[in-house]
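What follows is query.txt (compact mmCIF, C-alpha atoms).
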```
# COMPACT_ATOMS: atom_id res chain seq x y z
CA MET A 1 11.52 24.84 26.96
CA LEU A 2 14.40 25.14 24.51
CA LYS A 3 16.22 22.22 26.14
CA GLN A 4 13.08 20.13 25.79
CA SER A 5 12.67 21.20 22.16
CA VAL A 6 16.24 20.23 21.31
CA SER A 7 15.82 16.88 23.05
CA ARG A 8 12.52 16.15 21.27
CA MET A 9 13.90 17.05 17.86
CA GLU A 10 17.06 14.98 18.32
CA SER A 11 14.92 11.99 19.35
CA SER A 12 12.63 12.63 16.40
CA VAL A 13 15.51 12.54 13.92
CA ILE A 14 16.40 9.07 15.18
CA SER A 15 12.83 7.73 15.32
CA SER A 16 11.40 9.52 12.24
CA GLY A 17 14.44 9.95 10.03
CA ASN A 18 12.37 9.33 6.89
CA ALA A 19 10.52 12.62 7.40
CA TYR A 20 13.77 14.54 7.89
CA ALA A 21 15.44 12.88 4.90
CA SER A 22 12.47 13.73 2.67
CA SER A 23 12.37 17.30 4.00
CA HIS A 24 16.10 17.65 3.35
CA LEU A 25 15.54 16.75 -0.32
CA SER A 26 12.38 18.81 -0.73
CA ALA A 27 14.30 21.90 0.39
CA ARG A 28 16.51 21.54 -2.71
CA PHE A 29 13.69 21.66 -5.21
CA THR A 30 11.18 24.35 -4.20
CA LEU A 31 10.98 27.50 -2.12
CA ALA A 32 8.05 26.00 -0.21
CA GLY A 33 10.19 22.97 0.60
CA HIS A 34 13.00 25.24 1.76
CA VAL A 35 10.63 27.12 4.08
CA ASP A 36 9.18 23.86 5.45
CA ALA A 37 12.68 22.66 6.28
CA LEU A 38 13.48 25.93 8.04
CA LEU A 39 10.35 25.58 10.15
CA GLY A 40 10.47 21.89 10.97
CA GLY A 41 13.39 20.10 9.32
CA LEU A 42 17.08 19.78 10.06
CA PRO A 43 17.72 23.55 9.77
CA GLN A 44 15.15 24.04 12.53
CA LEU A 45 17.16 21.76 14.80
CA ALA A 46 20.21 23.95 14.22
CA THR A 47 18.11 27.06 14.86
CA VAL A 48 16.77 25.75 18.17
CA ARG A 49 20.27 24.73 19.26
CA ASP A 50 21.54 28.23 18.49
CA ALA A 51 18.58 29.75 20.34
CA LEU A 52 19.36 27.64 23.40
CA GLU A 53 22.97 28.79 23.38
CA GLN A 54 21.87 32.40 22.95
CA ALA A 55 19.34 32.10 25.77
CA GLN A 56 22.16 31.01 28.06
CA THR A 57 24.62 33.69 26.96
CA ASP A 58 22.57 36.69 25.75
CA TRP A 59 18.92 36.43 26.74
CA PRO A 60 18.00 40.06 25.90
CA LEU A 61 19.10 39.57 22.27
CA LEU A 62 17.06 36.38 21.94
CA LEU A 63 14.05 38.07 23.55
CA ALA A 64 14.28 40.88 21.00
CA ARG A 65 14.30 38.31 18.17
CA LEU A 66 11.24 36.54 19.58
CA GLU A 67 9.33 39.79 20.00
CA LYS A 68 10.13 40.73 16.41
CA MET A 69 8.82 37.35 15.24
CA ARG A 70 5.62 37.81 17.26
CA ALA A 71 5.09 41.25 15.77
CA ALA A 72 5.52 39.85 12.26
CA LEU A 73 3.03 37.03 12.86
CA LEU A 74 0.32 38.89 14.78
CA THR A 75 -0.70 41.37 12.11
CA ALA A 76 -3.92 42.03 10.26
CA ASP A 77 -2.00 42.72 7.06
CA GLY A 78 -2.73 39.80 4.73
CA ALA A 79 -4.44 37.77 7.47
CA ILE A 80 -6.75 34.90 6.48
CA VAL A 81 -9.41 33.82 8.98
CA ASN A 82 -10.72 30.25 8.74
CA LEU A 83 -14.07 29.52 10.42
CA SER A 84 -16.02 26.26 10.23
CA ALA A 85 -19.44 25.88 11.87
CA ASP A 86 -23.16 25.53 11.21
CA GLY A 87 -24.96 28.50 9.65
CA ALA A 88 -26.16 30.20 12.84
CA SER A 89 -22.87 29.75 14.69
CA LEU A 90 -20.88 30.89 11.68
CA ALA A 91 -22.84 34.12 11.41
CA ALA A 92 -22.35 34.83 15.11
CA ALA A 93 -18.61 34.12 14.95
CA THR A 94 -18.09 36.14 11.77
CA ALA A 95 -19.48 39.24 13.49
CA HIS A 96 -16.48 39.21 15.84
CA VAL A 97 -13.83 38.97 13.10
CA PRO A 98 -13.46 42.76 12.56
CA THR A 99 -12.88 43.23 16.29
CA LEU A 100 -10.30 40.47 16.27
CA LEU A 101 -8.40 42.04 13.37
CA GLU A 102 -8.57 45.48 14.98
CA SER A 103 -6.93 44.07 18.11
CA VAL A 104 -3.71 43.24 16.27
CA ALA A 105 -1.34 45.54 14.44
CA ALA A 106 -2.41 46.62 10.97
CA ARG A 107 1.09 46.09 9.62
CA CYS A 108 4.37 44.73 10.94
CA ALA A 109 6.99 47.47 11.09
CA ALA A 110 9.67 44.94 10.19
CA SER A 111 7.90 44.17 6.90
CA GLU A 112 8.60 47.66 5.61
CA SER A 113 12.26 46.77 5.13
CA THR A 114 13.40 43.94 2.93
CA SER A 115 16.14 41.44 3.59
CA THR A 116 17.64 38.46 1.81
CA GLU A 117 18.86 36.88 5.03
CA GLY A 118 18.02 33.20 5.07
CA ALA A 119 17.43 32.97 1.31
CA PRO A 120 18.27 29.54 -0.09
CA ALA A 121 21.75 29.32 -1.51
CA GLY A 122 22.60 27.76 -4.85
CA TRP A 123 19.24 28.32 -6.43
CA ALA A 124 20.63 29.47 -9.78
CA TRP A 125 19.33 26.12 -11.09
CA ALA A 126 15.78 27.52 -10.97
CA SER A 127 16.54 29.91 -13.81
CA SER A 128 18.98 27.72 -15.67
CA GLY A 129 16.93 24.51 -15.36
CA VAL A 130 19.98 22.61 -14.08
CA LEU A 131 20.14 20.92 -10.69
CA VAL A 132 23.15 18.80 -9.80
CA PRO A 133 22.08 15.75 -7.76
CA SER A 134 23.30 15.53 -4.17
CA HIS A 135 24.05 12.37 -2.18
CA ASP A 136 23.98 13.08 1.55
CA GLY A 137 24.65 10.71 4.42
CA LEU A 138 23.14 12.23 7.56
CA GLN A 139 24.82 10.46 10.48
CA VAL A 140 22.92 9.72 13.69
CA PRO A 141 23.32 7.01 16.38
CA THR A 142 20.78 4.48 15.09
CA GLN A 143 20.60 0.78 14.27
CA VAL A 144 18.24 1.31 11.33
CA ASN A 145 18.28 3.51 8.24
CA TYR A 146 15.92 5.97 6.57
CA VAL A 147 16.64 6.20 2.84
CA ALA A 148 15.11 8.87 0.59
CA LYS A 149 15.54 9.69 -3.08
CA ALA A 150 13.67 12.39 -4.98
CA ALA A 151 13.56 14.47 -8.15
CA PRO A 152 11.14 16.67 -10.09
CA ILE A 153 9.51 14.51 -12.77
CA TYR A 154 7.36 17.27 -14.24
CA ALA A 155 8.66 20.70 -15.23
CA PRO A 156 7.19 23.82 -13.59
CA GLY A 157 3.94 24.75 -15.33
CA GLU A 158 3.62 21.38 -17.05
CA ALA A 159 0.19 19.76 -16.84
CA ILE A 160 0.12 16.85 -14.38
CA PRO A 161 -2.59 14.23 -15.08
CA GLY A 162 -4.80 12.71 -12.40
CA SER A 163 -3.57 9.26 -13.41
CA SER A 164 -0.31 10.05 -11.59
CA SER A 165 -2.05 9.72 -8.20
CA VAL A 166 -3.42 6.30 -9.16
CA ILE A 167 -0.02 5.06 -10.30
CA THR A 168 1.96 6.33 -7.30
CA LYS A 169 -0.53 4.79 -4.85
CA TYR A 170 -0.33 1.50 -6.73
CA LEU A 171 3.47 1.55 -6.55
CA ARG A 172 3.33 2.14 -2.78
CA THR A 173 1.00 -0.76 -2.11
CA ALA A 174 2.42 -3.20 -4.65
CA TYR A 175 6.01 -2.82 -5.83
CA LEU A 176 7.52 -0.93 -2.89
CA TRP A 177 5.64 -2.94 -0.27
CA ASP A 178 6.79 -6.23 -1.77
CA THR A 179 10.43 -5.29 -2.38
CA VAL A 180 11.41 -2.87 0.40
CA ARG A 181 9.02 -3.99 3.14
CA VAL A 182 8.48 -7.74 2.63
CA GLN A 183 11.75 -8.75 0.95
CA GLY A 184 14.02 -6.01 2.29
CA GLY A 185 12.80 -6.06 5.88
CA ALA A 186 12.06 -2.35 6.29
CA TYR A 187 9.14 -1.35 8.50
CA GLY A 188 7.73 0.76 5.73
CA CYS A 189 8.31 2.46 2.40
CA SER A 190 6.52 5.25 0.58
CA LEU A 191 6.40 7.14 -2.69
CA GLY A 192 5.22 10.69 -2.23
CA PHE A 193 4.11 12.73 -5.21
CA SER A 194 2.82 16.31 -5.31
CA ARG A 195 0.59 17.45 -8.13
CA LEU A 196 1.47 21.02 -7.14
CA ASN A 197 5.21 20.81 -7.85
CA GLY A 198 5.65 17.54 -9.77
CA ILE A 199 8.21 16.09 -7.34
CA ALA A 200 8.37 12.34 -6.73
CA SER A 201 9.98 11.30 -3.45
CA PHE A 202 10.79 7.77 -2.29
CA SER A 203 11.50 7.08 1.38
CA SER A 204 11.92 4.05 3.62
CA TYR A 205 11.26 3.69 7.35
CA ARG A 206 13.41 1.71 9.82
CA ASP A 207 15.25 0.08 6.95
CA PRO A 208 18.11 -2.42 7.47
CA ASN A 209 19.44 -1.58 3.99
CA VAL A 210 20.71 1.41 2.04
CA VAL A 211 22.11 0.33 -1.33
CA SER A 212 19.49 -2.33 -2.12
CA THR A 213 16.71 0.12 -1.27
CA LEU A 214 18.18 2.69 -3.66
CA ASP A 215 18.39 -0.04 -6.31
CA THR A 216 14.70 -0.78 -5.75
CA TYR A 217 13.80 2.87 -6.24
CA ASP A 218 15.81 2.92 -9.47
CA GLY A 219 14.01 -0.21 -10.70
CA THR A 220 10.54 1.32 -10.51
CA ALA A 221 10.31 2.20 -14.21
CA ALA A 222 11.37 -1.30 -15.24
CA PHE A 223 8.69 -2.77 -12.95
CA LEU A 224 5.96 -0.69 -14.57
CA ARG A 225 7.06 -1.69 -18.06
CA ALA A 226 7.33 -5.39 -17.21
CA ASN A 227 4.07 -5.69 -15.28
CA PRO A 228 1.10 -4.34 -17.27
CA LEU A 229 -2.13 -4.14 -15.27
CA GLY A 230 -5.20 -6.20 -16.08
CA PRO A 231 -8.73 -4.74 -15.89
CA ALA A 232 -9.45 -6.00 -12.35
CA GLU A 233 -6.17 -4.70 -10.92
CA LEU A 234 -6.60 -1.36 -12.70
CA SER A 235 -10.11 -0.91 -11.27
CA LYS A 236 -8.82 -1.68 -7.78
CA ALA A 237 -6.06 0.93 -8.16
CA ILE A 238 -8.53 3.58 -9.34
CA ILE A 239 -10.96 2.89 -6.49
CA GLY A 240 -8.14 3.16 -3.96
CA SER A 241 -7.04 6.50 -5.33
CA ILE A 242 -10.58 7.92 -5.41
CA GLY A 243 -10.99 6.79 -1.81
CA GLU A 244 -8.08 8.99 -0.79
CA LEU A 245 -9.31 11.92 -2.89
CA ASP A 246 -12.83 11.92 -1.43
CA ALA A 247 -12.14 10.60 2.05
CA PRO A 248 -14.69 11.66 4.73
CA GLN A 249 -13.64 14.68 6.81
CA SER A 250 -14.80 16.30 10.02
CA VAL A 251 -16.27 19.81 9.93
CA ASP A 252 -13.01 21.46 10.94
CA GLY A 253 -11.11 19.23 8.50
CA ARG A 254 -13.32 20.34 5.60
CA GLY A 255 -12.84 23.95 6.62
CA TYR A 256 -9.06 23.60 6.77
CA SER A 257 -8.97 21.87 3.37
CA ALA A 258 -11.09 24.64 1.87
CA MET A 259 -8.72 27.27 3.28
CA VAL A 260 -5.66 25.52 1.86
CA ARG A 261 -7.29 25.24 -1.56
CA HIS A 262 -8.18 28.93 -1.40
CA MET A 263 -4.58 29.85 -0.60
CA LEU A 264 -3.26 27.63 -3.39
CA GLY A 265 -5.83 28.83 -5.90
CA VAL A 266 -7.30 25.35 -6.48
CA THR A 267 -10.89 25.61 -7.72
CA GLU A 268 -13.68 23.06 -7.55
CA GLU A 269 -13.63 22.90 -11.35
CA GLU A 270 -9.97 21.89 -11.28
CA ARG A 271 -10.67 19.28 -8.62
CA GLN A 272 -13.42 17.80 -10.77
CA ILE A 273 -11.11 17.65 -13.79
CA TRP A 274 -8.54 15.82 -11.64
CA ARG A 275 -11.22 13.42 -10.38
CA ASP A 276 -12.35 12.67 -13.94
CA GLN A 277 -8.74 11.99 -14.96
CA VAL A 278 -8.32 9.60 -12.04
CA LEU A 279 -11.45 7.69 -13.08
CA GLY A 280 -10.21 7.64 -16.69
CA THR A 281 -6.80 6.14 -15.90
CA THR A 282 -5.74 3.38 -18.31
CA ALA A 283 -3.10 0.65 -18.26
CA ALA A 284 -1.20 2.62 -20.91
CA ASP A 285 -0.85 5.51 -18.43
CA PHE A 286 1.21 3.24 -16.16
CA VAL A 287 3.66 2.49 -18.95
CA GLU A 288 3.90 6.18 -19.92
CA PHE A 289 4.52 7.12 -16.29
CA ALA A 290 7.59 4.86 -16.32
CA GLU A 291 9.35 7.48 -18.45
CA ARG A 292 8.62 10.07 -15.79
CA ILE A 293 9.61 8.09 -12.73
CA GLU A 294 12.85 7.03 -14.42
CA GLU A 295 14.02 10.62 -13.95
CA VAL A 296 14.47 9.86 -10.24
CA ALA A 297 16.87 7.05 -11.12
CA LYS A 298 18.76 9.21 -13.61
CA ALA A 299 19.05 12.50 -11.74
CA GLY A 300 17.54 12.05 -8.29
CA SER A 301 19.11 13.37 -5.09
CA VAL A 302 19.63 11.04 -2.12
CA ALA A 303 19.47 11.59 1.63
CA ALA A 304 20.08 8.73 4.02
CA VAL A 305 19.67 9.16 7.78
CA ALA A 306 21.84 6.36 9.13
CA SER A 307 24.76 5.52 11.37
CA GLU A 308 28.34 6.32 10.46
CA ARG A 309 28.98 2.60 10.03
CA ALA A 310 25.98 2.09 7.69
CA ILE A 311 26.97 5.04 5.52
CA ALA A 312 30.55 3.80 5.28
CA ALA A 313 29.33 0.32 4.33
CA ALA A 314 27.03 1.76 1.67
CA ASN A 315 29.87 3.80 0.19
CA GLU A 316 31.90 0.62 -0.28
CA GLU A 317 29.22 -0.60 -2.73
CA LEU A 318 28.13 2.63 -4.37
CA PRO A 319 29.93 3.93 -7.49
CA GLU A 320 32.16 6.96 -7.00
CA ALA A 321 29.64 9.44 -8.44
CA LYS A 322 26.91 8.27 -6.06
CA LYS A 323 28.80 7.90 -2.80
CA LEU A 324 27.12 9.51 0.23
CA VAL A 325 28.75 12.63 1.62
CA PRO A 326 28.69 12.16 5.40
CA THR A 327 27.44 14.89 7.74
CA GLN A 328 27.35 14.37 11.50
CA LEU A 329 23.96 15.41 12.92
CA LEU A 330 23.99 13.99 16.45
```
The structure in this file should be written as structure tokens.
Amino acid sequence: MLKQSVSRMESSVISSGNAYASSHLSARFTLAGHVDALLGGLPQLATVRDALEQAQTDWPLLLARLEKMRAALLTADGAIVNLSADGASLAAATAHVPTLLESVAARCAASESTSTEGAPAGWAWASSGVLVPSHDGLQVPTQVNYVAKAAPIYAPGEAIPGSSSVITKYLRTAYLWDTVRVQGGAYGCSLGFSRLNGIASFSSYRDPNVVSTLDTYDGTAAFLRANPLGPAELSKAIIGSIGELDAPQSVDGRGYSAMVRHMLGVTEEERQIWRDQVLGTTAADFVEFAERIEEVAKAGSVAAVASERAIAAANEELPEAKKLVPTQLL
């Protein structure tokens, strides 16, 4: 199983490098991003490789680690149960929840001791407000590139308006599609933005370029300032964003979304405020957002999953302060 896991992840890095590049950057900015990377990003690949080596050399030690993990996960302490069904079925299923919780440990013994093992290094920036941009070239044997650049564009605790979702969707389907996909030849390009942490993250998929794609990302603010939206185009952008916000969901999908909102503390009142802000988006909001997105150009971190040759070629064009630091992955 571990051999298969290593093989799948190595293939995934080559075929879905955009996800790994974005995860690599997200891990720099938030604790949640760091944890996500540990569970499914490049650090997870290293973890699985180490586990495979340990399974071959010291299986009892690995088994003890796995049993400790299972004990930590299967506990009633802090458990959240998510059930989605019609009224009658839900009542019947809910009656069995106490029995389910009684069947697992009330508390994990390992949780009674604290440890800082695995804590993210270099996070002094969180208290000082300073984060030095990184420029990483993640080398894999591939003929295409996956280029990501990201930065927080809202400070922690700062109010993020609903108009931001309209603008980022518009940039994905207009500016980035035209420049990176149509003109640049990449298979795809995206701009991710989280209203929970205020991080904007560009990424390209199966991209023949590196430097020109980064230049496109950095030109986003100028595009917004030079291309004001007319009423028809603005209405289209708002409708597209509302469509994503209120997309139809299956029963289990609605239940999962409700659970996530519960865990994040997002109320229906807050969702309605966000919806109203989306509907109230103006052309002036696009111009104001240019100041925000320009922060990615000024202080964004870069991660490019590409071949050794592509990274070397990019470094010949990039200025000294923005050259990619190569790291061999595969």
Axis-aligned box for all listed atoms of region 239-242 of chain A, 8 Å per side, centre and edges in Å to one decimal, as AutoDock Vina command-line options:
```
--center_x -9.0 --center_y 5.4 --center_z -5.2 --size_x 19.9 --size_y 21.0 --size_z 18.5
```
Which is closer to Ala258 (chain A) than all the others in A:Ser165, A:Ser84, A:Gln4, A:Ser15, using only C-alpha atoms?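 Distance minimum relative to Ala258 (chain A) lands on A:Ser84.
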Compare A:Val260, A:Leu318, A:Val166, A:Leu171 by their minimum atom-to-atom distance to Asp285 (chain A), counting all atoms listed in the file, and give me the closest one.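 Among A:Val260, A:Leu318, A:Val166, A:Leu171, it is A:Val166 that comes nearest to Asp285 (chain A).
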Do you have the CA of Thr213 (chain A)-CA of Leu191 (chain A) distance handy?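 Taking CA of Thr213 (chain A) and CA of Leu191 (chain A), their separation equals 12.6 Å.
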With all atoms listed in the file counted and 8 Å as the cut-off, give the residues of region 9-28 of chain A in contact with region 142-159 of chain A, each with its shortest interatomic distance in Å and the pair that gives it, as JSON lines.
```
{"residue": "A:Ile14", "atom": "CA", "partner": "A:Thr142", "partner_atom": "CA", "distance": 6.3}
{"residue": "A:Gly17", "atom": "CA", "partner": "A:Tyr146", "partner_atom": "CA", "distance": 5.5}
{"residue": "A:Asn18", "atom": "CA", "partner": "A:Tyr146", "partner_atom": "CA", "distance": 4.9}
{"residue": "A:Ala21", "atom": "CA", "partner": "A:Ala148", "partner_atom": "CA", "distance": 5.9}
{"residue": "A:Ser22", "atom": "CA", "partner": "A:Ala148", "partner_atom": "CA", "distance": 5.9}
{"residue": "A:Leu25", "atom": "CA", "partner": "A:Ala150", "partner_atom": "CA", "distance": 6.6}
{"residue": "A:Ser26", "atom": "CA", "partner": "A:Ala150", "partner_atom": "CA", "distance": 7.8}
```
So which residues touch Asp215 (chain A) within 12 Å, counting only C-alpha atoms, skipping near sequence neighbours fewer than 6 positions away, as a VMD selection string? chain A and resid 147 to 149 176 179 to 180 184 202 209 221 to 222 296 to 298 302 314 317 to 318 322
A:Leu38, A:Ala313, A:Ala95, A:Leu229 ranked by distance to Phe286 (chain A), top pick (using all atoms listed in the file):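 Closest to Phe286 (chain A) of all the choices is A:Leu229.
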Pick from A:Trp177, A:Ser212, A:Phe223, A:Val266, whichever lies nearest to Arg195 (chain A) using only C-alpha atoms: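 Residue with the minimum atom-to-atom distance to Arg195 (chain A): A:Val266.
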Pick from A:Gly78, A:Gly198, A:Gly162, A:Pro208, whichever lies nearest to Ala186 (chain A) using all atoms listed in the file: A:Pro208
Gln328 (chain A) environment, 12 Å, all atoms listed in the file, sequence neighbours closer than 2 positions dropped, as a list in words: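 In the requested format, the answer is Leu42, Asp136, Gly137, Leu138, Gln139, Val140, Pro141, Ala304, Val305, Ala306, Ser307, Glu308, Arg309, Ile311, Val325, Pro326 and Leu330 of chain A.
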One-decimal distance in Å that lies between CA of Ser194 (chain A) and CA of Val35 (chain A):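 Computing the Euclidean distance for CA of Val35 (chain A) and CA of Ser194 (chain A) yields 16.3 Å.
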To one decimal place, how far is CA of Ala237 (chain A) from CA of Tyr20 (chain A) in Å?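 It comes out at 28.9 Å.
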Shell of 12 Å around region 53-58 of chain A, all atoms listed in the file, local chain residues under 6 positions omitted, as JSON, numbers by chain: {"A": [1, 2, 3, 6, 46, 47, 64, 65, 66]}
Could you give me, as a PDB file with C-alpha atoms, keeping the file's coordinate frame, the residues within 9 Å of Ile80 (chain A), counting only C-alpha atoms and dropping anything in the same chain fewer than 4 positions from it?
```pdb
ATOM      1  CA  ALA A  76      -3.920  42.030  10.260  1.00  0.00           C
ATOM      2  CA  MET A 259      -8.720  27.270   3.280  1.00  0.00           C
ATOM      3  CA  MET A 263      -4.580  29.850  -0.600  1.00  0.00           C
TER       4      MET A 263
END
```
Find the residue from A:Leu214, A:Leu62, A:Leu83, A:Leu196 that sits nearest to Gly33 (chain A); use all atoms listed in the file when measuring. A:Leu196
Can you pull out every residue within 9 Å of Ile242 (chain A), counting all atoms listed in the file, but drop anything in the same chain fewer than 4 positions away, and send it as a PyMOL selection string? chain A and resi 166+237-238+246-247+275+278-279
Taking the point (-6.9, 40.8, 16.7) as given in the file, collect each protein or nucleic acid residue that comes within 12 Å of it, counting only C-alpha atoms, and present the set as a JSON list (two decimals) with C-alpha atoms, keeping the file's coordinate frame.
```
[["chain", "number", "residue", "atom", "x", "y", "z"],
["A", 73, "LEU", "CA", 3.03, 37.03, 12.86],
["A", 74, "LEU", "CA", 0.32, 38.89, 14.78],
["A", 75, "THR", "CA", -0.70, 41.37, 12.11],
["A", 76, "ALA", "CA", -3.92, 42.03, 10.26],
["A", 77, "ASP", "CA", -2.00, 42.72, 7.06],
["A", 79, "ALA", "CA", -4.44, 37.77, 7.47],
["A", 80, "ILE", "CA", -6.75, 34.90, 6.48],
["A", 81, "VAL", "CA", -9.41, 33.82, 8.98],
["A", 96, "HIS", "CA", -16.48, 39.21, 15.84],
["A", 97, "VAL", "CA", -13.83, 38.97, 13.10],
["A", 98, "PRO", "CA", -13.46, 42.76, 12.56],
["A", 99, "THR", "CA", -12.88, 43.23, 16.29],
["A", 100, "LEU", "CA", -10.30, 40.47, 16.27],
["A", 101, "LEU", "CA", -8.40, 42.04, 13.37],
["A", 102, "GLU", "CA", -8.57, 45.48, 14.98],
["A", 103, "SER", "CA", -6.93, 44.07, 18.11],
["A", 104, "VAL", "CA", -3.71, 43.24, 16.27],
["A", 105, "ALA", "CA", -1.34, 45.54, 14.44],
["A", 106, "ALA", "CA", -2.41, 46.62, 10.97],
["A", 107, "ARG", "CA", 1.09, 46.09, 9.62]]
```
